[in-house]
Amino acid sequence: MTDLLPLIDKLERAHSLSREEYEILISGRNNETASLLRERALRLRRQVYGNTVYVRGLIEISSYCKNDCYYCGLRAGNQKAQRYRLTPEEILSCCREGWELGFRTFVLQGGEDPWFTDQVLCPLLVRIKTEFPDCAVTLSLGERGEASFQRLRDAGADRYLLRHETASRAHYEKLHPPRMSYDNRMECLRQLRGIGYQVGLGFMVGSPFQTAADLAADLKFVEEFRPAMCGIGPFIPHHDTPFGDRPGGSVELTCYLLSILRLIQPNLLLPATTALGTLDPLGREKGIQAGANVVMPNLSPVGVRKKYMLYDNKICTGEESAQCRGYLSARMASIGYEVVTDRGDPK
Ligand code: SAM
Ligand code: SF4
């Protein structure tokens with residue numbers, strides 16, 4: 001039996017470890033620890049969510065971004081990126097199509113595009129919530145001011161996804177240019193929670209300069225913040241960014257961390273991300289089998305999908321799309337899970 005067993009027992013019992021203990025669990029991992037953690041994570045997942053998988057329709061509303069995160073293909077400095085933005089009418093028609101396909105959550109995601117002011121977004125949110133009162137709307141539009149977060153919430157947004165990216169300040173500063181601020185990112189997350197959003201945070205696995213200690217800090221941060229959702233996916237390089245020649249993260253470590261996160265917070269919404277599906281054709285299934293319980297297929301208009309290229313080879317035009325929901329359901333059924341038509345709130 002692995003010598004990490006006492007730590008795994010403790011995590012399962014207390015849903016908490018010290019930073020040092022998380023680091024040991026990460027650095028000392030092997031196949032045996034991975035399967036032990038997976039088994040326990042799945043047991044817990046089954047108790048809370050049964051065999052259900054929640055789906056969200058992801059609408060990528062803009063590929064314009066004023067920020068310059070070193071890892072992202074949409075960064076302002078990438079002059080080769082193809083830019084587009086959807087009109088409110090186009091976004092609404094994605095929602096209509098999604099509703100017909102059985103989606104009850106729409107995620108509006110995009111770069112930090114100043115065109116999407118509150119004056120544009122609030123009436124759009126009102127229209128979506130009026131037309132689809134049984135649906136939840138998630139925003140993932142980066143950092144905005146507290147007053148803006150409040151206005152968007154008042155207009156009907158239910159959830160906000162803002163990955164913290166890394167809970168280590170020194171690491172954050174290696175991933176972002178000086179004018180982006182770790183403190184502001186963290187402050188935004190506190191504001192969102194204070195306003196009453198269901199908050200999603202998260203981080204990339206295997207991002208440049210990341211150490212086991214950084215990941216341990218991420219896990220401790222999630223444990224203490226208690227978000228509704230935590231999105232993690234492997235870092236994948238984009239050739240037109242400063243990190244274009246860096247190695248990417250792994251499916252193996254991402255799945256290992258998904259199992260740990262499930263044990264930290266049994267009701268956490270954990271997506272099996274597109275990045276997992278990009279690195280491995282069975283990546284999303286592996287994520288679900290490690291403890292994830294959410295999948296976010298792409299609902300964006302087919303014509304713009306290739307322009308939302310966060311990283312190289314991002315899957316976007318095939319079976320992962322929302323239009324292939326039947327196929328997704330069949331794939332999930334083949335591993336014993338059921339995709340449900342539901343808003344997918346945390347239990
Ligand atoms: N602009 C918003 C923001 O940054 O919060 C939302 C959109 S952004 C593209 C969504 C997420 O994509 C980021 O939080 C980041 O973790 C992830 N991402 C960006 N570049 C990536 C890459 N090269 N590999 C994997 N994930 C990446
Ligand atoms: Fe912009 Fe988000 Fe990409 Fe950073 S991660 S460059 S904020 S789209």
# chains A, B, ... in the order shown; residues from 1 in each chain; ligands from 1

$ residues_near_ligand --ligand "ligand 1" --cutoff "8 Å" --atoms "only C-alpha atoms and all ligand atoms" --output "NGL selection string"
:A and (65 or 69 or 71-74 or 109-112 or 140-143 or 161-165 or 202-204 or 207 or 232-238 or 248 or 275 or 310-312)

$ closest_residue --among "A:Ser62, A:Asn313, A:Thr211, A:Ser93" --to "A:Glu23" --atoms "only C-alpha atoms"
A:Thr211

$ residues_around --residues "A:Phe149" --least-positions-apart "6" --cutoff "10 Å" --atoms "only C-alpha atoms" --output "ChimeraX atom specification"
/A:118,139,143,155,157,160,188,191-192,195,197

$ residues_around --residues "stretch 251-260 of chain A" --least-positions-apart "2" --cutoff "6 Å" --atoms "only C-alpha atoms" --output "list in words"
Ala34, Leu37, Arg38, Ala41, Arg262, Leu263, Gly287, Ala290 and Gly291 of chain A

$ write_last_selection --atoms "all heavy atoms" --output "short mmCIF file (atom, residue, chain, number, x, y, z; two decimals), in the first residue's frame"
data_model
loop_
_atom_site.label_atom_id
_atom_site.label_comp_id
_atom_site.auth_asym_id
_atom_site.auth_seq_id
_atom_site.Cartn_x
_atom_site.Cartn_y
_atom_site.Cartn_z
N ALA A 34 -3.08 7.35 -7.61
CA ALA A 34 -4.07 7.91 -8.53
C ALA A 34 -5.33 7.06 -8.51
O ALA A 34 -6.45 7.58 -8.42
CB ALA A 34 -3.51 8.00 -9.94
N LEU A 37 -7.21 7.50 -5.12
CA LEU A 37 -7.91 8.79 -5.05
C LEU A 37 -9.14 8.78 -5.95
O LEU A 37 -10.20 9.28 -5.58
CB LEU A 37 -6.98 9.91 -5.50
CG LEU A 37 -6.08 10.53 -4.44
CD1 LEU A 37 -5.06 11.45 -5.09
CD2 LEU A 37 -6.93 11.33 -3.45
N ARG A 38 -8.97 8.22 -7.14
CA ARG A 38 -10.07 8.18 -8.10
C ARG A 38 -11.26 7.41 -7.53
O ARG A 38 -12.40 7.88 -7.57
CB ARG A 38 -9.58 7.53 -9.39
CG ARG A 38 -10.54 7.67 -10.55
CD ARG A 38 -10.06 6.96 -11.80
NE ARG A 38 -8.67 7.18 -12.13
CZ ARG A 38 -7.74 6.22 -12.21
NH1 ARG A 38 -8.04 4.96 -12.00
NH2 ARG A 38 -6.49 6.52 -12.52
N ALA A 41 -12.89 9.46 -4.84
CA ALA A 41 -13.55 10.63 -5.42
C ALA A 41 -14.86 10.20 -6.09
O ALA A 41 -15.89 10.87 -5.94
CB ALA A 41 -12.63 11.30 -6.44
N ARG A 262 -12.46 16.83 -5.84
CA ARG A 262 -13.72 16.20 -5.45
C ARG A 262 -13.71 15.85 -3.96
O ARG A 262 -14.71 16.01 -3.27
CB ARG A 262 -13.96 14.94 -6.32
CG ARG A 262 -15.16 14.11 -5.95
CD ARG A 262 -16.49 14.84 -6.12
NE ARG A 262 -16.74 15.29 -7.47
CZ ARG A 262 -17.44 16.38 -7.79
NH1 ARG A 262 -17.99 17.13 -6.85
NH2 ARG A 262 -17.61 16.74 -9.05
N LEU A 263 -12.54 15.39 -3.47
CA LEU A 263 -12.44 15.04 -2.06
C LEU A 263 -12.40 16.28 -1.17
O LEU A 263 -12.88 16.27 -0.04
CB LEU A 263 -11.21 14.16 -1.81
CG LEU A 263 -11.33 12.74 -2.39
CD1 LEU A 263 -10.01 12.01 -2.33
CD2 LEU A 263 -12.40 11.94 -1.64
N GLY A 287 -11.72 12.67 -17.50
CA GLY A 287 -12.03 13.67 -16.48
C GLY A 287 -13.24 13.25 -15.65
O GLY A 287 -13.23 13.32 -14.41
N ALA A 290 -12.50 10.60 -13.30
CA ALA A 290 -11.63 10.99 -12.19
C ALA A 290 -12.41 11.78 -11.13
O ALA A 290 -11.87 12.10 -10.08
CB ALA A 290 -10.46 11.82 -12.70
N GLY A 291 -13.68 12.14 -11.44
CA GLY A 291 -14.46 12.86 -10.44
C GLY A 291 -15.16 14.11 -10.95
O GLY A 291 -15.91 14.76 -10.22
#

$ closest_residue --among "A:Gly50, A:Pro6, A:Gly318, A:Pro177" --to "ligand 2" --atoms "only C-alpha atoms and all ligand atoms"
A:Pro177

$ select_by_dssp --residues "stretch 65-234 of chain A" --states "strand (DSSP E or B)" --output "PyMOL selection string"
chain A and resi 85+105-110+136-140+159-161+165+198-205+229-234
